[in-house]
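Heads up, the thing below is written out as structure tokens.
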Amino acid sequence: MDAQHYATRRHIAGSDRRGIRGDLRLVIDHNEDLEDGRPSIDREPTLERPAVLINSVRYYGEREGNTPAEAMTASVAALYQFLMASARLSMKDNTEHQVSFADAKAYLKIEKTSRLLEQVDALAKVWVSYDFLSTEDGSRRIGRRVQLIQFEEDVSPTGVRSIVFSLHPSVRKVILGYGAYTHLELGAFPKFSSKYTWRLYEKLALMAGRDMRPAMVWTPEELAEELGCRTSGEFKFSNFEARVLLPVLNDIQRHVRRFSISWSYDRADTRGRPVTAIKIVVGSSVKTADEYEKSVLTKKDRGLVRNIAAKAMVDDQHMPGEDALRRAATRLGKTATEIAISWTNAITEGDAAVIHDLENGSQSEAFETWIQKEEWTPTDEDIAFDTASRILFGLAGGSDAAEVESVFAPAVGSFRWTAAKTKTLRLQWFGGHRDFEVAATQTDIALFVRDFDDIIETVEFLK
């Protein structure tokens, strides 16, 4: 087999990431609102949420055993997200955070301070349990009953009232550490009508950010437990569907803009055809142009780009700015000069779509539309799963042979592979690799990646 080029993503700790994409003020002050009172999708800020907080934390009410739904209404959950977003901006340097009453009420779209205080009081009564695994040394930190947030009220000499709060040190450490994460739409939470929606939304958002997205499947009872919905007596799907499931799915369809969902039921062949499984398929998360990392552009490259535009006689106003050019290079896996050449060729050769967009809109909109089209253009190097003989898993930085033997080898051996023919599964880390023969379908691979999402960084299909 020919050697293949392979590179892993650069790992950046949460402490070195901003944690918020966009301007947080835009979910408070709306100067360019859409009809639903939210900034446009490319401007609305998003909150970074580590996968471990989504998958490992369990929420309880004031009394031991209460469900999150009893303590966190839709509005209380929205307040929680806004406080987390506000804290994220200063979390690297501060353990205590402050949000004015005015900002909190503006985000929640409420006017009465008494109502805000009720929600703060409810949030103060939420407790969590967790089991965090350290990516640094493999140790575990277990919390069986920990207060979610600790609160105080601050009143300034001028009478400005603020919420002062702090997070548990273990939660703060996880947020600032390494690991997989997703981004949540801050404009969506105040719109949710169901107190159960935020719990499912976080899990769907995590799936939407993955390259491989198998259907998420639960029995009705499992999904009810996942959402914190417990009923006394016999579980009745019709009640769960009407009171919980459909309102949650409707919330997500109406108010989540960065990915779409569809769902279906599996039914038994027995009398009444009871629902045995709920399947939710999550679409790929939309990325706005400024969310891509910028490739390097040297002084020499800048000169080359200027020369490319001049030789092609393309007006400067039709050329993308440096930031747009660098991000486009990252998205398409090319150099900035290659992007500049392709873009000027599209203009000088009279690409009808490009010319139309330039004449009827802004340069930045035309360039973004062209980039999106280029992203979806297939190349000769693309390999379909059915024709691949090897599947390459690139493991996260810090992985080594000992981890492969202790963690992955047993998992590969015990996993339920369902294909008729085998393929070579290669686990590759810095400094080594190990091959396994597995009878894997593409769905099997997606499910295996889902189970080890924090450690598997890249997946490639190779001939």
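Convention: chains lettered A, B, ... in structure tokens order; per-chain residue numbering from 1; ligands numbered from 1 as shown.
Using only C-alpha atoms, the contacts of Glu221 (chain A) at a cut-off of 12 Å, with sequence neighbours closer than 4 positions omitted, comprise Val217, Glu225, Glu226, Leu227, Gly228, Cys229, Arg230, Thr231, Glu234, Phe235, Lys236, Phe237, Ser238, Asn239, Phe240, Glu241, Leu245, Val275, Thr276, Ala277 and Ile278 of chain A.
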Could you take the residues named above and write them with N, CA, C and O atoms, as a PDB file, in the first residue's frame?
```
ATOM      1  N   VAL A 217     -30.562   7.182  18.258  1.00  0.00           N
ATOM      2  CA  VAL A 217     -31.687   6.278  18.502  1.00  0.00           C
ATOM      3  C   VAL A 217     -31.876   6.065  20.003  1.00  0.00           C
ATOM      4  O   VAL A 217     -30.916   5.779  20.730  1.00  0.00           O
ATOM      5  N   GLU A 225     -35.879   9.661  29.983  1.00  0.00           N
ATOM      6  CA  GLU A 225     -34.874   9.744  31.050  1.00  0.00           C
ATOM      7  C   GLU A 225     -33.782  10.732  30.684  1.00  0.00           C
ATOM      8  O   GLU A 225     -33.316  11.509  31.523  1.00  0.00           O
ATOM      9  N   GLU A 226     -33.372  10.731  29.415  1.00  0.00           N
ATOM     10  CA  GLU A 226     -32.334  11.643  28.935  1.00  0.00           C
ATOM     11  C   GLU A 226     -32.753  13.099  29.114  1.00  0.00           C
ATOM     12  O   GLU A 226     -31.938  13.964  29.452  1.00  0.00           O
ATOM     13  N   LEU A 227     -34.033  13.370  28.904  1.00  0.00           N
ATOM     14  CA  LEU A 227     -34.535  14.734  29.005  1.00  0.00           C
ATOM     15  C   LEU A 227     -34.911  15.126  30.429  1.00  0.00           C
ATOM     16  O   LEU A 227     -35.284  16.267  30.682  1.00  0.00           O
ATOM     17  N   GLY A 228     -34.800  14.185  31.363  1.00  0.00           N
ATOM     18  CA  GLY A 228     -35.153  14.492  32.740  1.00  0.00           C
ATOM     19  C   GLY A 228     -36.643  14.471  32.984  1.00  0.00           C
ATOM     20  O   GLY A 228     -37.145  15.130  33.901  1.00  0.00           O
ATOM     21  N   CYS A 229     -37.353  13.723  32.153  1.00  0.00           N
ATOM     22  CA  CYS A 229     -38.807  13.648  32.279  1.00  0.00           C
ATOM     23  C   CYS A 229     -39.173  12.319  32.915  1.00  0.00           C
ATOM     24  O   CYS A 229     -39.073  11.264  32.284  1.00  0.00           O
ATOM     25  N   ARG A 230     -39.590  12.357  34.152  1.00  0.00           N
ATOM     26  CA  ARG A 230     -39.976  11.136  34.859  1.00  0.00           C
ATOM     27  C   ARG A 230     -41.440  11.226  35.254  1.00  0.00           C
ATOM     28  O   ARG A 230     -41.917  12.273  35.681  1.00  0.00           O
ATOM     29  N   THR A 231     -42.141  10.132  35.100  1.00  0.00           N
ATOM     30  CA  THR A 231     -43.554  10.106  35.447  1.00  0.00           C
ATOM     31  C   THR A 231     -43.803   9.011  36.465  1.00  0.00           C
ATOM     32  O   THR A 231     -43.128   7.987  36.466  1.00  0.00           O
ATOM     33  N   GLU A 234     -47.254   4.007  35.160  1.00  0.00           N
ATOM     34  CA  GLU A 234     -46.896   3.405  33.882  1.00  0.00           C
ATOM     35  C   GLU A 234     -46.538   4.473  32.848  1.00  0.00           C
ATOM     36  O   GLU A 234     -47.215   5.494  32.724  1.00  0.00           O
ATOM     37  N   PHE A 235     -45.460   4.225  32.097  1.00  0.00           N
ATOM     38  CA  PHE A 235     -45.049   5.149  31.039  1.00  0.00           C
ATOM     39  C   PHE A 235     -46.006   5.019  29.860  1.00  0.00           C
ATOM     40  O   PHE A 235     -46.251   3.925  29.351  1.00  0.00           O
ATOM     41  N   LYS A 236     -46.544   6.133  29.393  1.00  0.00           N
ATOM     42  CA  LYS A 236     -47.435   6.141  28.245  1.00  0.00           C
ATOM     43  C   LYS A 236     -46.826   7.024  27.155  1.00  0.00           C
ATOM     44  O   LYS A 236     -46.646   8.225  27.342  1.00  0.00           O
ATOM     45  N   PHE A 237     -46.527   6.398  26.022  1.00  0.00           N
ATOM     46  CA  PHE A 237     -45.872   7.136  24.949  1.00  0.00           C
ATOM     47  C   PHE A 237     -46.719   8.298  24.451  1.00  0.00           C
ATOM     48  O   PHE A 237     -46.193   9.374  24.140  1.00  0.00           O
ATOM     49  N   SER A 238     -48.020   8.118  24.351  1.00  0.00           N
ATOM     50  CA  SER A 238     -48.879   9.184  23.833  1.00  0.00           C
ATOM     51  C   SER A 238     -48.771  10.439  24.684  1.00  0.00           C
ATOM     52  O   SER A 238     -48.736  11.559  24.157  1.00  0.00           O
ATOM     53  N   ASN A 239     -48.696  10.257  26.005  1.00  0.00           N
ATOM     54  CA  ASN A 239     -48.530  11.410  26.885  1.00  0.00           C
ATOM     55  C   ASN A 239     -47.162  12.055  26.705  1.00  0.00           C
ATOM     56  O   ASN A 239     -47.031  13.281  26.635  1.00  0.00           O
ATOM     57  N   PHE A 240     -46.129  11.215  26.643  1.00  0.00           N
ATOM     58  CA  PHE A 240     -44.765  11.711  26.461  1.00  0.00           C
ATOM     59  C   PHE A 240     -44.641  12.450  25.129  1.00  0.00           C
ATOM     60  O   PHE A 240     -44.036  13.524  25.052  1.00  0.00           O
ATOM     61  N   GLU A 241     -45.219  11.913  24.077  1.00  0.00           N
ATOM     62  CA  GLU A 241     -45.142  12.532  22.760  1.00  0.00           C
ATOM     63  C   GLU A 241     -45.815  13.898  22.758  1.00  0.00           C
ATOM     64  O   GLU A 241     -45.254  14.885  22.247  1.00  0.00           O
ATOM     65  N   LEU A 245     -42.090  15.361  23.768  1.00  0.00           N
ATOM     66  CA  LEU A 245     -41.307  15.138  22.554  1.00  0.00           C
ATOM     67  C   LEU A 245     -41.643  16.130  21.438  1.00  0.00           C
ATOM     68  O   LEU A 245     -40.738  16.782  20.895  1.00  0.00           O
ATOM     69  N   VAL A 275     -44.595   2.182  19.704  1.00  0.00           N
ATOM     70  CA  VAL A 275     -43.307   2.750  19.285  1.00  0.00           C
ATOM     71  C   VAL A 275     -42.190   2.108  20.101  1.00  0.00           C
ATOM     72  O   VAL A 275     -42.222   2.134  21.333  1.00  0.00           O
ATOM     73  N   THR A 276     -41.223   1.531  19.418  1.00  0.00           N
ATOM     74  CA  THR A 276     -40.097   0.878  20.091  1.00  0.00           C
ATOM     75  C   THR A 276     -38.822   1.708  20.049  1.00  0.00           C
ATOM     76  O   THR A 276     -37.917   1.493  20.845  1.00  0.00           O
ATOM     77  N   ALA A 277     -38.736   2.637  19.092  1.00  0.00           N
ATOM     78  CA  ALA A 277     -37.524   3.462  18.988  1.00  0.00           C
ATOM     79  C   ALA A 277     -37.857   4.801  18.355  1.00  0.00           C
ATOM     80  O   ALA A 277     -38.733   4.899  17.486  1.00  0.00           O
ATOM     81  N   ILE A 278     -37.158   5.832  18.801  1.00  0.00           N
ATOM     82  CA  ILE A 278     -37.249   7.175  18.228  1.00  0.00           C
ATOM     83  C   ILE A 278     -35.903   7.481  17.575  1.00  0.00           C
ATOM     84  O   ILE A 278     -34.868   7.415  18.237  1.00  0.00           O
TER      85      ILE A 278
END
```
Fewer than 4 positions away in the same chain doesn't count, so skip those; otherwise give me all residues within 12 Å of Ile371 (chain A), counting only C-alpha atoms, as a short mmCIF file (atom, residue, chain, number, x, y, z; two decimals) with N, CA and C atoms, in the first residue's frame.
```cif
data_model
loop_
_atom_site.label_atom_id
_atom_site.label_comp_id
_atom_site.auth_asym_id
_atom_site.auth_seq_id
_atom_site.Cartn_x
_atom_site.Cartn_y
_atom_site.Cartn_z
N THR A 288 -20.21 29.85 9.50
CA THR A 288 -20.09 31.13 8.82
C THR A 288 -18.63 31.35 8.45
N ALA A 289 -18.40 32.25 7.51
CA ALA A 289 -17.05 32.41 6.95
C ALA A 289 -16.01 32.74 7.99
N PRO A 320 -11.04 39.78 -2.80
CA PRO A 320 -11.33 39.58 -1.37
C PRO A 320 -10.24 40.18 -0.50
N ALA A 324 -10.46 37.26 4.40
CA ALA A 324 -11.33 36.38 3.63
C ALA A 324 -10.51 35.41 2.78
N LEU A 325 -9.42 35.90 2.23
CA LEU A 325 -8.55 35.06 1.40
C LEU A 325 -7.90 33.96 2.23
N ARG A 327 -8.96 32.68 5.12
CA ARG A 327 -9.95 31.70 5.57
C ARG A 327 -10.38 30.79 4.42
N ALA A 328 -10.50 31.35 3.23
CA ALA A 328 -10.85 30.54 2.07
C ALA A 328 -9.78 29.50 1.78
N ALA A 329 -8.52 29.89 1.97
CA ALA A 329 -7.41 28.95 1.75
C ALA A 329 -7.52 27.77 2.72
N THR A 330 -7.89 28.05 3.97
CA THR A 330 -8.07 26.98 4.95
C THR A 330 -9.22 26.06 4.54
N ARG A 331 -10.34 26.64 4.13
CA ARG A 331 -11.53 25.86 3.80
C ARG A 331 -11.30 24.95 2.60
N LEU A 332 -10.55 25.43 1.62
CA LEU A 332 -10.37 24.65 0.40
C LEU A 332 -9.07 23.85 0.39
N GLY A 333 -8.26 24.00 1.44
CA GLY A 333 -7.02 23.25 1.51
C GLY A 333 -6.01 23.66 0.46
N LYS A 334 -6.01 24.95 0.11
CA LYS A 334 -5.09 25.47 -0.90
C LYS A 334 -4.33 26.65 -0.32
N ILE A 339 -5.99 30.43 -4.40
CA ILE A 339 -7.35 30.96 -4.31
C ILE A 339 -7.48 32.23 -5.14
N ALA A 340 -6.50 33.11 -5.04
CA ALA A 340 -6.53 34.36 -5.79
C ALA A 340 -6.56 34.11 -7.30
N SER A 342 -7.66 31.34 -8.86
CA SER A 342 -8.95 30.74 -9.23
C SER A 342 -10.06 31.79 -9.26
N TRP A 343 -10.04 32.71 -8.29
CA TRP A 343 -11.06 33.75 -8.22
C TRP A 343 -10.95 34.73 -9.39
N ALA A 346 -12.21 33.11 -12.48
CA ALA A 346 -13.68 33.06 -12.53
C ALA A 346 -14.25 34.38 -13.05
N VAL A 354 -20.70 34.13 -10.86
CA VAL A 354 -19.85 35.10 -10.18
C VAL A 354 -20.15 36.52 -10.66
N SER A 364 -18.06 40.64 -1.02
CA SER A 364 -17.90 39.61 0.01
C SER A 364 -18.96 38.52 -0.14
N GLU A 365 -20.18 38.90 -0.48
CA GLU A 365 -21.25 37.91 -0.69
C GLU A 365 -20.96 37.05 -1.91
N ALA A 366 -20.49 37.68 -2.98
CA ALA A 366 -20.16 36.93 -4.20
C ALA A 366 -19.02 35.96 -3.96
N PHE A 367 -18.00 36.41 -3.22
CA PHE A 367 -16.85 35.55 -2.94
C PHE A 367 -17.27 34.36 -2.06
N GLU A 375 -16.32 24.36 -2.38
CA GLU A 375 -16.25 23.35 -1.31
C GLU A 375 -16.97 22.08 -1.71
N TRP A 376 -18.02 22.19 -2.50
CA TRP A 376 -18.83 21.04 -2.87
C TRP A 376 -18.43 20.43 -4.20
N THR A 377 -17.37 20.94 -4.82
CA THR A 377 -16.90 20.37 -6.08
C THR A 377 -16.09 19.10 -5.80
#
```
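Residues surrounding region 300-315 of chain A within 8 Å are Ala336, Thr337, Ala340, Ile341, Thr344, Asn345, Ile347 and Thr348 of chain A [only C-alpha atoms; sequence separation below 5 positions excluded].
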**Study point:** Near-region 192-194 of chain A list (10 Å; only C-alpha atoms; drop same-chain fewer than 2 positions) as a VMD selection string
**Key:** chain A and resid 69 73 to 75 77 to 78 187 to 190 196 to 198 243 to 252 254 to 256
### Task
Find the residues near region 121-134 of chain A: any atom within 7 Å, counting only C-alpha atoms, skip ones fewer than 5 places away on the same chain, and give them as a list of chain:residue names.
A:Ser56, A:Val57, A:Arg58, A:Tyr59, A:Tyr60, A:Gly61, A:Glu62, A:Ala71, A:Met72, A:Val76, A:Ser139, A:Arg140, A:Arg141, A:Ile142, A:Gly143, A:Arg144, A:Arg145, A:Val146, A:Gln147, A:Leu148, A:Ile149, A:Gln150, A:Phe151
Could you save those same residues with N, CA and C atoms as a PDB file, in the first residue's frame?
```pdb
ATOM      1  N   SER A  56     -21.555  14.197  30.472  1.00  0.00           N
ATOM      2  CA  SER A  56     -21.242  13.654  31.798  1.00  0.00           C
ATOM      3  C   SER A  56     -22.015  14.282  32.946  1.00  0.00           C
ATOM      4  N   VAL A  57     -22.536  15.489  32.758  1.00  0.00           N
ATOM      5  CA  VAL A  57     -23.199  16.190  33.864  1.00  0.00           C
ATOM      6  C   VAL A  57     -24.668  15.788  33.941  1.00  0.00           C
ATOM      7  N   ARG A  58     -25.132  15.506  35.163  1.00  0.00           N
ATOM      8  CA  ARG A  58     -26.544  15.224  35.415  1.00  0.00           C
ATOM      9  C   ARG A  58     -27.080  16.288  36.363  1.00  0.00           C
ATOM     10  N   TYR A  59     -28.272  16.784  36.096  1.00  0.00           N
ATOM     11  CA  TYR A  59     -28.844  17.902  36.844  1.00  0.00           C
ATOM     12  C   TYR A  59     -29.949  17.431  37.778  1.00  0.00           C
ATOM     13  N   TYR A  60     -30.027  18.069  38.957  1.00  0.00           N
ATOM     14  CA  TYR A  60     -31.045  17.725  39.946  1.00  0.00           C
ATOM     15  C   TYR A  60     -31.621  19.012  40.536  1.00  0.00           C
ATOM     16  N   GLY A  61     -32.824  18.864  41.094  1.00  0.00           N
ATOM     17  CA  GLY A  61     -33.443  20.001  41.753  1.00  0.00           C
ATOM     18  C   GLY A  61     -32.931  20.155  43.172  1.00  0.00           C
ATOM     19  N   GLU A  62     -33.637  20.957  43.958  1.00  0.00           N
ATOM     20  CA  GLU A  62     -33.182  21.268  45.308  1.00  0.00           C
ATOM     21  C   GLU A  62     -33.120  20.026  46.182  1.00  0.00           C
ATOM     22  N   ALA A  71     -36.470  22.038  38.427  1.00  0.00           N
ATOM     23  CA  ALA A  71     -35.712  23.202  38.876  1.00  0.00           C
ATOM     24  C   ALA A  71     -35.492  24.213  37.761  1.00  0.00           C
ATOM     25  N   MET A  72     -35.402  23.747  36.506  1.00  0.00           N
ATOM     26  CA  MET A  72     -35.015  24.631  35.409  1.00  0.00           C
ATOM     27  C   MET A  72     -36.130  24.712  34.374  1.00  0.00           C
ATOM     28  N   VAL A  76     -35.292  29.721  33.013  1.00  0.00           N
ATOM     29  CA  VAL A  76     -34.163  29.522  33.921  1.00  0.00           C
ATOM     30  C   VAL A  76     -32.985  28.920  33.163  1.00  0.00           C
ATOM     31  N   SER A 139      -6.646  10.588  35.306  1.00  0.00           N
ATOM     32  CA  SER A 139      -7.332  10.533  36.597  1.00  0.00           C
ATOM     33  C   SER A 139      -8.800  10.928  36.426  1.00  0.00           C
ATOM     34  N   ARG A 140      -9.631  10.565  37.390  1.00  0.00           N
ATOM     35  CA  ARG A 140     -11.054  10.878  37.358  1.00  0.00           C
ATOM     36  C   ARG A 140     -11.402  11.820  38.507  1.00  0.00           C
ATOM     37  N   ARG A 141     -12.316  12.740  38.229  1.00  0.00           N
ATOM     38  CA  ARG A 141     -12.824  13.632  39.255  1.00  0.00           C
ATOM     39  C   ARG A 141     -14.347  13.433  39.306  1.00  0.00           C
ATOM     40  N   ILE A 142     -14.825  12.914  40.447  1.00  0.00           N
ATOM     41  CA  ILE A 142     -16.229  12.549  40.595  1.00  0.00           C
ATOM     42  C   ILE A 142     -16.911  13.489  41.582  1.00  0.00           C
ATOM     43  N   GLY A 143     -17.995  14.097  41.146  1.00  0.00           N
ATOM     44  CA  GLY A 143     -18.807  14.934  42.025  1.00  0.00           C
ATOM     45  C   GLY A 143     -20.203  14.353  42.110  1.00  0.00           C
ATOM     46  N   ARG A 144     -20.637  13.997  43.300  1.00  0.00           N
ATOM     47  CA  ARG A 144     -21.943  13.340  43.447  1.00  0.00           C
ATOM     48  C   ARG A 144     -23.062  14.306  43.804  1.00  0.00           C
ATOM     49  N   ARG A 145     -22.743  15.446  44.374  1.00  0.00           N
ATOM     50  CA  ARG A 145     -23.749  16.463  44.670  1.00  0.00           C
ATOM     51  C   ARG A 145     -23.037  17.801  44.813  1.00  0.00           C
ATOM     52  N   VAL A 146     -23.023  18.573  43.739  1.00  0.00           N
ATOM     53  CA  VAL A 146     -22.292  19.831  43.686  1.00  0.00           C
ATOM     54  C   VAL A 146     -23.242  20.925  43.226  1.00  0.00           C
ATOM     55  N   GLN A 147     -23.217  22.071  43.898  1.00  0.00           N
ATOM     56  CA  GLN A 147     -24.063  23.181  43.477  1.00  0.00           C
ATOM     57  C   GLN A 147     -23.607  23.691  42.108  1.00  0.00           C
ATOM     58  N   LEU A 148     -24.562  23.842  41.183  1.00  0.00           N
ATOM     59  CA  LEU A 148     -24.234  24.241  39.813  1.00  0.00           C
ATOM     60  C   LEU A 148     -23.548  25.601  39.787  1.00  0.00           C
ATOM     61  N   ILE A 149     -24.156  26.596  40.414  1.00  0.00           N
ATOM     62  CA  ILE A 149     -23.605  27.952  40.443  1.00  0.00           C
ATOM     63  C   ILE A 149     -23.854  28.555  41.824  1.00  0.00           C
ATOM     64  N   GLN A 150     -22.880  29.283  42.329  1.00  0.00           N
ATOM     65  CA  GLN A 150     -23.038  30.007  43.587  1.00  0.00           C
ATOM     66  C   GLN A 150     -23.286  31.483  43.284  1.00  0.00           C
ATOM     67  N   PHE A 151     -24.277  32.068  43.969  1.00  0.00           N
ATOM     68  CA  PHE A 151     -24.711  33.423  43.646  1.00  0.00           C
ATOM     69  C   PHE A 151     -24.571  34.388  44.813  1.00  0.00           C
TER      70      PHE A 151
END
```
Checklist entry - Per DSSP on the backbone, what are the strand (DSSP E or B) residues of region 77-323 of chain A, as number ranges by chain? => result A: 97-100, 127-133, 140-147, 149-155, 161-167, 181-185, 216-218, 261-267, 275-282
- prompt: What residues in region 33-146 of chain A get the DSSP label alpha helix (DSSP H)? Please answer as a VMD selection string.
  reply: chain A and resid 51 to 56 68 to 71 74 to 88 101 to 108 113 to 124
Please produce a file of the residues just selected, as a PDB file, in the first residue's frame, where the atoms kept are C-alpha atoms.
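What follows is the written file again_3.pdb:
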```pdb
ATOM      1  CA  ALA A  51     -18.648  17.710  25.095  1.00  0.00           C
ATOM      2  CA  VAL A  52     -17.853  16.395  28.564  1.00  0.00           C
ATOM      3  CA  LEU A  53     -20.309  18.855  30.127  1.00  0.00           C
ATOM      4  CA  ILE A  54     -23.003  17.687  27.724  1.00  0.00           C
ATOM      5  CA  ASN A  55     -22.392  13.981  28.191  1.00  0.00           C
ATOM      6  CA  SER A  56     -21.242  13.654  31.798  1.00  0.00           C
ATOM      7  CA  PRO A  68     -33.797  19.134  36.032  1.00  0.00           C
ATOM      8  CA  ALA A  69     -37.250  19.962  34.696  1.00  0.00           C
ATOM      9  CA  GLU A  70     -38.464  20.675  38.230  1.00  0.00           C
ATOM     10  CA  ALA A  71     -35.712  23.202  38.876  1.00  0.00           C
ATOM     11  CA  ALA A  74     -37.116  27.163  29.824  1.00  0.00           C
ATOM     12  CA  SER A  75     -36.420  30.689  31.074  1.00  0.00           C
ATOM     13  CA  VAL A  76     -34.163  29.522  33.921  1.00  0.00           C
ATOM     14  CA  ALA A  77     -32.202  27.359  31.468  1.00  0.00           C
ATOM     15  CA  ALA A  78     -31.795  30.393  29.184  1.00  0.00           C
ATOM     16  CA  LEU A  79     -30.471  32.444  32.107  1.00  0.00           C
ATOM     17  CA  TYR A  80     -27.959  29.670  32.834  1.00  0.00           C
ATOM     18  CA  GLN A  81     -26.665  29.778  29.238  1.00  0.00           C
ATOM     19  CA  PHE A  82     -26.326  33.575  29.296  1.00  0.00           C
ATOM     20  CA  LEU A  83     -24.393  33.508  32.563  1.00  0.00           C
ATOM     21  CA  MET A  84     -22.084  30.809  31.186  1.00  0.00           C
ATOM     22  CA  ALA A  85     -21.478  32.894  28.071  1.00  0.00           C
ATOM     23  CA  SER A  86     -20.740  36.008  30.117  1.00  0.00           C
ATOM     24  CA  ALA A  87     -18.390  34.077  32.396  1.00  0.00           C
ATOM     25  CA  ARG A  88     -16.579  32.464  29.469  1.00  0.00           C
ATOM     26  CA  PHE A 101     -29.618  42.832  36.090  1.00  0.00           C
ATOM     27  CA  ALA A 102     -30.303  45.021  33.043  1.00  0.00           C
ATOM     28  CA  ASP A 103     -28.327  42.753  30.674  1.00  0.00           C
ATOM     29  CA  ALA A 104     -29.874  39.567  32.061  1.00  0.00           C
ATOM     30  CA  LYS A 105     -33.404  40.965  31.696  1.00  0.00           C
ATOM     31  CA  ALA A 106     -32.678  42.207  28.181  1.00  0.00           C
ATOM     32  CA  TYR A 107     -31.465  38.751  27.141  1.00  0.00           C
ATOM     33  CA  LEU A 108     -34.481  37.018  28.675  1.00  0.00           C
ATOM     34  CA  THR A 113     -36.657  42.474  38.498  1.00  0.00           C
ATOM     35  CA  SER A 114     -38.740  40.272  40.775  1.00  0.00           C
ATOM     36  CA  ARG A 115     -39.089  37.727  38.000  1.00  0.00           C
ATOM     37  CA  LEU A 116     -35.350  37.720  37.379  1.00  0.00           C
ATOM     38  CA  LEU A 117     -34.712  37.138  41.088  1.00  0.00           C
ATOM     39  CA  GLU A 118     -37.102  34.176  41.030  1.00  0.00           C
ATOM     40  CA  GLN A 119     -35.098  32.639  38.206  1.00  0.00           C
ATOM     41  CA  VAL A 120     -31.777  33.269  39.937  1.00  0.00           C
ATOM     42  CA  ASP A 121     -33.184  31.649  43.081  1.00  0.00           C
ATOM     43  CA  ALA A 122     -34.337  28.619  41.067  1.00  0.00           C
ATOM     44  CA  LEU A 123     -30.913  28.313  39.404  1.00  0.00           C
ATOM     45  CA  ALA A 124     -29.199  28.496  42.808  1.00  0.00           C
TER      46      ALA A 124
END
```
In terms of only C-alpha atoms, the residue from A:Leu206, A:Val99, A:Ala388, A:Leu186 at minimal distance from Glu153 (chain A) is A:Val99
(Q) Quick one: residues within 12 Å of Arg257 (chain A), only C-alpha atoms, excluding same-chain residues fewer than 3 positions away - as a ChimeraX atom specification? (A) /A:36,38-42,44,46,184-189,201,205,208,251-254,260-261,283-288
